[in-house]
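**Student:** So that we are looking at the same thing, I have put the structure below in structure tokens.
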Amino acid sequence: MKKKRTTNKGSEHMNVLIIGAGYVGLTTAAVIAKLGHTVHCVDENEQKIAALTRGDVPIYEPGLAELLTDHKSRLFFHRDGQKHIHEADVIFICVGTPPDNNGKSDVSYVNRAVAALLPHLHDQQTLVIKSTVPIGTNERIYERLTKEGKNVRVVSNPEFLREGSAIFDSLYPDRIVVGLRDDDDRSLSVMQTLYARIHAPYVVTSLSGAEMIKYAANAFLAMKISFINEMARLCEAYDVDVAHVAKGIGLDGRIGPHFLQAGIGYGGSCFPKDVAALQQMAYEKAVRPYMIEATKTINDTQFYWYVQKIKRTLGTLSDKRIAVLGIAFKPNTDDIRESPAVSLIKALHNLGAHVVAHDPKAVLPNGMDIKQTKTIDEALQQADAVIVATDWDAYKQLNWEQVRQTMSGNVVVDGRNSLPRNDIIQAGLTYVGVGRG
Ligand code: UDX
Ligand code: UDX
């Protein structure tokens, strides 16, 4: 009998293959290597693999570069991973599932990955789908494998990683969701062995149940944000501070304090995509998803509602020089996917404002005729107004006396309700928040 190897921390060692070295795949690879397993990570993007092999990390995620370096002895990157399929105990699929034109999730990359694996799979393996896929996809994958005579176990193991804290979220998750088939009596222990050094409660459910948990979690968090953004609009109308309302309701244990920060809306690669996909899945089954529709409508209009407010504050936008601080969809990432900051910049530009933008890590999308400055100071020069669209610490810690001296105007717009309002007012500037009366 083959003797089981153990990791240097004493848990059972596994060979893991990860398909997709994007944000999720790469984080998963680094964390699983840290847990002591050997990881082969495959991506069809040659440049990405070349960079990773050199030791360069293609995305900015705090702690990721260090983790990849620390565990490079058991972490391997390949453009073509075919010869590593057979030896893998566990295979993760982490390729993207982008939205199509109707908001439906496009699973063609997942299907392609399954097709490439198929001829090489054998019965001792567990295929784990981490990509966010529409309800029923994992069952269809299982059926496809079975039809091809492959007795591979299929597991749905969704991720709940926040960009900017993905490593922490992977190592200290609130829960590990494992979706499996009723007749699968082995996969749970495979996943528990793989994650042996991670301490979190397991939620074990069906394949479709795990898929639904992922969508429901993101939709619920998005709904919380849209709820507080709607409250912000109401607070604005009734001259109430929404930050007080968020605190006042958030301290109620049944509600909780998280995801109640009003702002210019949620963005990123997950919330907008997953809310839209869940909406389409509901329509397909003739279920009217009222909450999801409202969540999306509020978010789609939030940045524009705010543009109108900026316009009212400045009188006109035409020829005003506006410094927008923040391009990324949230701080501590260079990701601009569905970033409300980018939507805001475009809208201000289209309404005639002269916009200059800054971000510590993110870069404006190609084709935008807008200047991006290297320093905050450069962006602030001669600005009539400054808008903080992403709440990076660097913006929260600005010296507001200095800001006043650098700007021409005096309006500071806090698009994330995260700036020190009193300091700004004391510096002689006009503070405009989101729903803060
Ligand atoms: C992940 C997904 O798993 C998605 O379902 C989830 O909703 C959000 O997180 P992410 O890691 O952000 O997506 O995707 P991306 O950064 O686009 O990375 C996907 C990677 O897979 C890319 O590097 C791409 O080159 C690679 N890929 C894609 C393959 O290697 N093979 C393919 O067939 C398709
Ligand atoms: C999210 C989920 O949190 C994670 O579990 C899932 O797996 C992937 O999607 P992420 O998109 O990285 O993670 O960021 P998150 O921190 O959730 O923020 C999403 C957006 O909501 C950002 O644009 C952020 O600025 C916004 N947000 C968040 C608010 O506007 N208010 C809040 O109170 C919280």
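Chain labels follow the order of the structure tokens: the first chain is A, the next B, and so on; residue numbering restarts at 1 in every chain, and ligands are counted from 1 in their shown order.
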With only C-alpha atoms and all ligand atoms counted, collect every polymer residue having an atom within 8 Å of ligand 2; state the result as an MDAnalysis selection string.
**Tutor:** chainID A and resid 158:166 214 217:218 221:222 224:225 258:271 329:331 339:340 390:391 416
**Student:** I'd like the neighbourhood of stretch 298-315 of chain A as a ChimeraX atom specification, where a residue qualifies if any of its atoms comes within 9 Å (using only C-alpha atoms), though same-chain residues fewer than 3 positions away should be ignored.
**Tutor:** /A:222,225-227,229-230,233,263-267,272,293-295,320,340-341,343-344,347-348,384-385,411,413,415,432,434
**Student:** Could you list the protein, DNA and RNA residues that have any atom within 8 Å of ligand 1, counting only C-alpha atoms and all ligand atoms, and write them as a VMD selection string?
**Tutor:** chain A and resid 19 to 26 42 to 45 48 79 93 to 98 108 to 110 112 to 113 130 to 133 159 269 to 270 273 to 274
**Student:** Atom CA of A:Glu211 and atom CA of A:Asn138, how far apart in Å?
**Tutor:**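 Separation of atom CA of A:Asn138 and atom CA of A:Glu211: 8.2 Å.
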**Student:** I'd like the neighbourhood of A:Asp377 as a list in words, where a residue qualifies if any of its atoms comes within 10 Å (using only C-alpha atoms), though same-chain residues fewer than 5 positions away should be ignored.
**Tutor:**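 Listing them by chain and then by number gives Ala323, His358, Gln402, Val403, Thr406 and Met407 of chain A.
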**Student:** In Å, with one decimal, what is the gap from atom CA of A:Lys72 to atom CA of A:Ile59?
**Tutor:** 17.2 Å
**Student:** With DSSP run on the backbone, what are the strand (DSSP E or B) residues within stretch 90-261 of chain A? I'd like them as an mmCIF file with all heavy atoms, in the first residue's frame.
**Tutor:**
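Contents of the output file result.cif:
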data_model
loop_
_atom_site.group_PDB
_atom_site.id
_atom_site.type_symbol
_atom_site.label_atom_id
_atom_site.label_comp_id
_atom_site.auth_asym_id
_atom_site.auth_seq_id
_atom_site.Cartn_x
_atom_site.Cartn_y
_atom_site.Cartn_z
ATOM 1 N N VAL A 90 -6.513 16.399 -5.962
ATOM 2 C CA VAL A 90 -7.632 17.349 -6.034
ATOM 3 C C VAL A 90 -7.355 18.323 -7.173
ATOM 4 O O VAL A 90 -6.238 18.828 -7.310
ATOM 5 C CB VAL A 90 -7.769 18.131 -4.703
ATOM 6 C CG1 VAL A 90 -8.902 19.144 -4.775
ATOM 7 C CG2 VAL A 90 -7.997 17.185 -3.534
ATOM 8 N N ILE A 91 -8.391 18.585 -7.981
ATOM 9 C CA ILE A 91 -8.248 19.546 -9.084
ATOM 10 C C ILE A 91 -9.272 20.659 -8.876
ATOM 11 O O ILE A 91 -10.478 20.387 -8.738
ATOM 12 C CB ILE A 91 -8.491 18.862 -10.447
ATOM 13 C CG1 ILE A 91 -7.514 17.694 -10.620
ATOM 14 C CG2 ILE A 91 -8.363 19.880 -11.589
ATOM 15 C CD1 ILE A 91 -7.807 16.813 -11.825
ATOM 16 N N PHE A 92 -8.783 21.886 -8.824
ATOM 17 C CA PHE A 92 -9.686 23.035 -8.662
ATOM 18 C C PHE A 92 -9.907 23.714 -10.003
ATOM 19 O O PHE A 92 -8.944 23.943 -10.746
ATOM 20 C CB PHE A 92 -9.036 24.090 -7.756
ATOM 21 C CG PHE A 92 -9.201 23.834 -6.294
ATOM 22 C CD1 PHE A 92 -8.239 23.121 -5.585
ATOM 23 C CD2 PHE A 92 -10.310 24.316 -5.613
ATOM 24 C CE1 PHE A 92 -8.375 22.902 -4.230
ATOM 25 C CE2 PHE A 92 -10.460 24.090 -4.257
ATOM 26 C CZ PHE A 92 -9.489 23.386 -3.559
ATOM 27 N N ILE A 93 -11.135 24.085 -10.285
ATOM 28 C CA ILE A 93 -11.384 24.946 -11.448
ATOM 29 C C ILE A 93 -11.699 26.349 -10.924
ATOM 30 O O ILE A 93 -12.646 26.551 -10.154
ATOM 31 C CB ILE A 93 -12.531 24.401 -12.325
ATOM 32 C CG1 ILE A 93 -12.072 23.080 -12.967
ATOM 33 C CG2 ILE A 93 -12.927 25.429 -13.403
ATOM 34 C CD1 ILE A 93 -12.994 22.499 -13.996
ATOM 35 N N PRO A 99 -20.097 37.880 -17.057
ATOM 36 C CA PRO A 99 -21.497 37.991 -17.497
ATOM 37 C C PRO A 99 -21.587 38.140 -19.015
ATOM 38 O O PRO A 99 -20.698 38.730 -19.626
ATOM 39 C CB PRO A 99 -21.971 39.280 -16.808
ATOM 40 C CG PRO A 99 -20.746 40.057 -16.515
ATOM 41 C CD PRO A 99 -19.601 39.095 -16.420
ATOM 42 N N SER A 105 -24.485 34.340 -16.445
ATOM 43 C CA SER A 105 -23.096 33.981 -16.243
ATOM 44 C C SER A 105 -22.625 33.057 -17.380
ATOM 45 O O SER A 105 -23.280 32.074 -17.695
ATOM 46 C CB SER A 105 -23.017 33.277 -14.883
ATOM 47 O OG SER A 105 -21.736 32.853 -14.649
ATOM 48 N N THR A 126 -10.736 14.150 -7.044
ATOM 49 C CA THR A 126 -11.870 14.999 -6.688
ATOM 50 C C THR A 126 -11.749 16.283 -7.499
ATOM 51 O O THR A 126 -10.707 16.952 -7.457
ATOM 52 C CB THR A 126 -11.833 15.339 -5.176
ATOM 53 O OG1 THR A 126 -11.744 14.115 -4.450
ATOM 54 C CG2 THR A 126 -13.066 16.105 -4.734
ATOM 55 N N LEU A 127 -12.800 16.611 -8.233
ATOM 56 C CA LEU A 127 -12.815 17.837 -9.041
ATOM 57 C C LEU A 127 -13.624 18.890 -8.285
ATOM 58 O O LEU A 127 -14.804 18.679 -7.986
ATOM 59 C CB LEU A 127 -13.456 17.540 -10.400
ATOM 60 C CG LEU A 127 -13.566 18.722 -11.358
ATOM 61 C CD1 LEU A 127 -12.189 19.235 -11.765
ATOM 62 C CD2 LEU A 127 -14.367 18.333 -12.607
ATOM 63 N N VAL A 128 -12.960 19.983 -7.927
ATOM 64 C CA VAL A 128 -13.607 21.008 -7.104
ATOM 65 C C VAL A 128 -13.861 22.245 -7.957
ATOM 66 O O VAL A 128 -12.928 22.809 -8.529
ATOM 67 C CB VAL A 128 -12.705 21.389 -5.904
ATOM 68 C CG1 VAL A 128 -13.406 22.411 -5.015
ATOM 69 C CG2 VAL A 128 -12.311 20.156 -5.108
ATOM 70 N N ILE A 129 -15.116 22.663 -8.019
ATOM 71 C CA ILE A 129 -15.438 23.871 -8.788
ATOM 72 C C ILE A 129 -15.490 25.043 -7.804
ATOM 73 O O ILE A 129 -16.325 25.084 -6.901
ATOM 74 C CB ILE A 129 -16.800 23.746 -9.535
ATOM 75 C CG1 ILE A 129 -16.908 22.403 -10.260
ATOM 76 C CG2 ILE A 129 -16.996 24.932 -10.483
ATOM 77 C CD1 ILE A 129 -15.907 22.132 -11.349
ATOM 78 N N ARG A 153 -15.240 12.326 -8.372
ATOM 79 C CA ARG A 153 -16.164 13.021 -7.483
ATOM 80 C C ARG A 153 -16.143 14.518 -7.799
ATOM 81 O O ARG A 153 -15.084 15.083 -8.071
ATOM 82 C CB ARG A 153 -15.770 12.791 -6.024
ATOM 83 C CG ARG A 153 -15.986 11.354 -5.571
ATOM 84 C CD ARG A 153 -15.442 11.151 -4.186
ATOM 85 N NE ARG A 153 -14.007 11.380 -4.174
ATOM 86 C CZ ARG A 153 -13.100 10.446 -4.461
ATOM 87 N NH1 ARG A 153 -13.475 9.233 -4.786
ATOM 88 N NH2 ARG A 153 -11.820 10.735 -4.426
ATOM 89 N N VAL A 154 -17.333 15.128 -7.757
ATOM 90 C CA VAL A 154 -17.418 16.564 -8.054
ATOM 91 C C VAL A 154 -17.858 17.295 -6.787
ATOM 92 O O VAL A 154 -18.794 16.880 -6.110
ATOM 93 C CB VAL A 154 -18.418 16.835 -9.209
ATOM 94 C CG1 VAL A 154 -18.614 18.330 -9.425
ATOM 95 C CG2 VAL A 154 -17.929 16.173 -10.501
ATOM 96 N N VAL A 155 -17.136 18.369 -6.459
ATOM 97 C CA VAL A 155 -17.434 19.146 -5.254
ATOM 98 C C VAL A 155 -17.599 20.615 -5.639
ATOM 99 O O VAL A 155 -16.849 21.142 -6.456
ATOM 100 C CB VAL A 155 -16.278 19.017 -4.227
ATOM 101 C CG1 VAL A 155 -16.409 20.028 -3.103
ATOM 102 C CG2 VAL A 155 -16.218 17.609 -3.671
ATOM 103 N N SER A 156 -18.599 21.245 -5.043
ATOM 104 C CA SER A 156 -18.734 22.701 -5.206
ATOM 105 C C SER A 156 -18.211 23.354 -3.928
ATOM 106 O O SER A 156 -18.696 23.063 -2.837
ATOM 107 C CB SER A 156 -20.204 23.061 -5.423
ATOM 108 O OG SER A 156 -20.351 24.455 -5.344
ATOM 109 N N ILE A 176 -16.679 27.043 5.699
ATOM 110 C CA ILE A 176 -16.265 26.386 4.450
ATOM 111 C C ILE A 176 -17.503 25.678 3.916
ATOM 112 O O ILE A 176 -18.090 24.831 4.613
ATOM 113 C CB ILE A 176 -15.110 25.391 4.711
ATOM 114 C CG1 ILE A 176 -13.858 26.155 5.176
ATOM 115 C CG2 ILE A 176 -14.815 24.566 3.450
ATOM 116 C CD1 ILE A 176 -12.704 25.278 5.639
ATOM 117 N N VAL A 177 -17.924 26.071 2.726
ATOM 118 C CA VAL A 177 -19.113 25.448 2.139
ATOM 119 C C VAL A 177 -18.672 24.333 1.199
ATOM 120 O O VAL A 177 -17.836 24.543 0.325
ATOM 121 C CB VAL A 177 -19.964 26.498 1.383
ATOM 122 C CG1 VAL A 177 -21.121 25.828 0.641
ATOM 123 C CG2 VAL A 177 -20.491 27.557 2.350
ATOM 124 N N VAL A 178 -19.216 23.151 1.435
ATOM 125 C CA VAL A 178 -18.895 21.999 0.584
ATOM 126 C C VAL A 178 -20.200 21.419 0.040
ATOM 127 O O VAL A 178 -21.040 20.925 0.794
ATOM 128 C CB VAL A 178 -18.126 20.910 1.390
ATOM 129 C CG1 VAL A 178 -17.900 19.674 0.533
ATOM 130 C CG2 VAL A 178 -16.786 21.448 1.882
ATOM 131 N N GLY A 179 -20.342 21.514 -1.273
ATOM 132 C CA GLY A 179 -21.519 20.928 -1.923
ATOM 133 C C GLY A 179 -21.101 19.612 -2.549
ATOM 134 O O GLY A 179 -20.066 19.551 -3.220
ATOM 135 N N TYR A 202 -17.985 23.751 8.883
ATOM 136 C CA TYR A 202 -18.324 23.290 7.529
ATOM 137 C C TYR A 202 -19.840 23.360 7.334
ATOM 138 O O TYR A 202 -20.595 23.006 8.237
ATOM 139 C CB TYR A 202 -17.863 21.837 7.323
ATOM 140 C CG TYR A 202 -16.400 21.746 6.965
ATOM 141 C CD1 TYR A 202 -15.417 21.970 7.927
ATOM 142 C CD2 TYR A 202 -15.993 21.463 5.666
ATOM 143 C CE1 TYR A 202 -14.071 21.908 7.598
ATOM 144 C CE2 TYR A 202 -14.646 21.396 5.333
ATOM 145 C CZ TYR A 202 -13.694 21.622 6.301
ATOM 146 O OH TYR A 202 -12.370 21.569 5.966
ATOM 147 N N VAL A 203 -20.233 23.820 6.169
ATOM 148 C CA VAL A 203 -21.646 23.738 5.777
ATOM 149 C C VAL A 203 -21.677 22.744 4.624
ATOM 150 O O VAL A 203 -21.105 22.998 3.564
ATOM 151 C CB VAL A 203 -22.196 25.110 5.321
ATOM 152 C CG1 VAL A 203 -23.644 24.972 4.859
ATOM 153 C CG2 VAL A 203 -22.070 26.141 6.421
ATOM 154 N N VAL A 204 -22.293 21.596 4.877
ATOM 155 C CA VAL A 204 -22.315 20.552 3.842
ATOM 156 C C VAL A 204 -23.713 20.500 3.238
ATOM 157 O O VAL A 204 -24.717 20.421 3.958
ATOM 158 C CB VAL A 204 -21.920 19.183 4.443
ATOM 159 C CG1 VAL A 204 -21.888 18.114 3.357
ATOM 160 C CG2 VAL A 204 -20.551 19.288 5.119
ATOM 161 N N THR A 205 -23.766 20.570 1.932
ATOM 162 C CA THR A 205 -25.058 20.630 1.253
ATOM 163 C C THR A 205 -24.933 19.965 -0.113
ATOM 164 O O THR A 205 -23.912 19.351 -0.412
ATOM 165 C CB THR A 205 -25.509 22.119 1.163
ATOM 166 O OG1 THR A 205 -26.730 22.203 0.418
ATOM 167 C CG2 THR A 205 -24.487 22.996 0.445
#
**Student:** Which residue is closest to A:Gly103? Choose from A:Thr137, A:Asn157, A:Thr430, A:Gln279 and count only C-alpha atoms.
**Tutor:**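 Ranked by minimum distance to A:Gly103, first place goes to A:Gln279.
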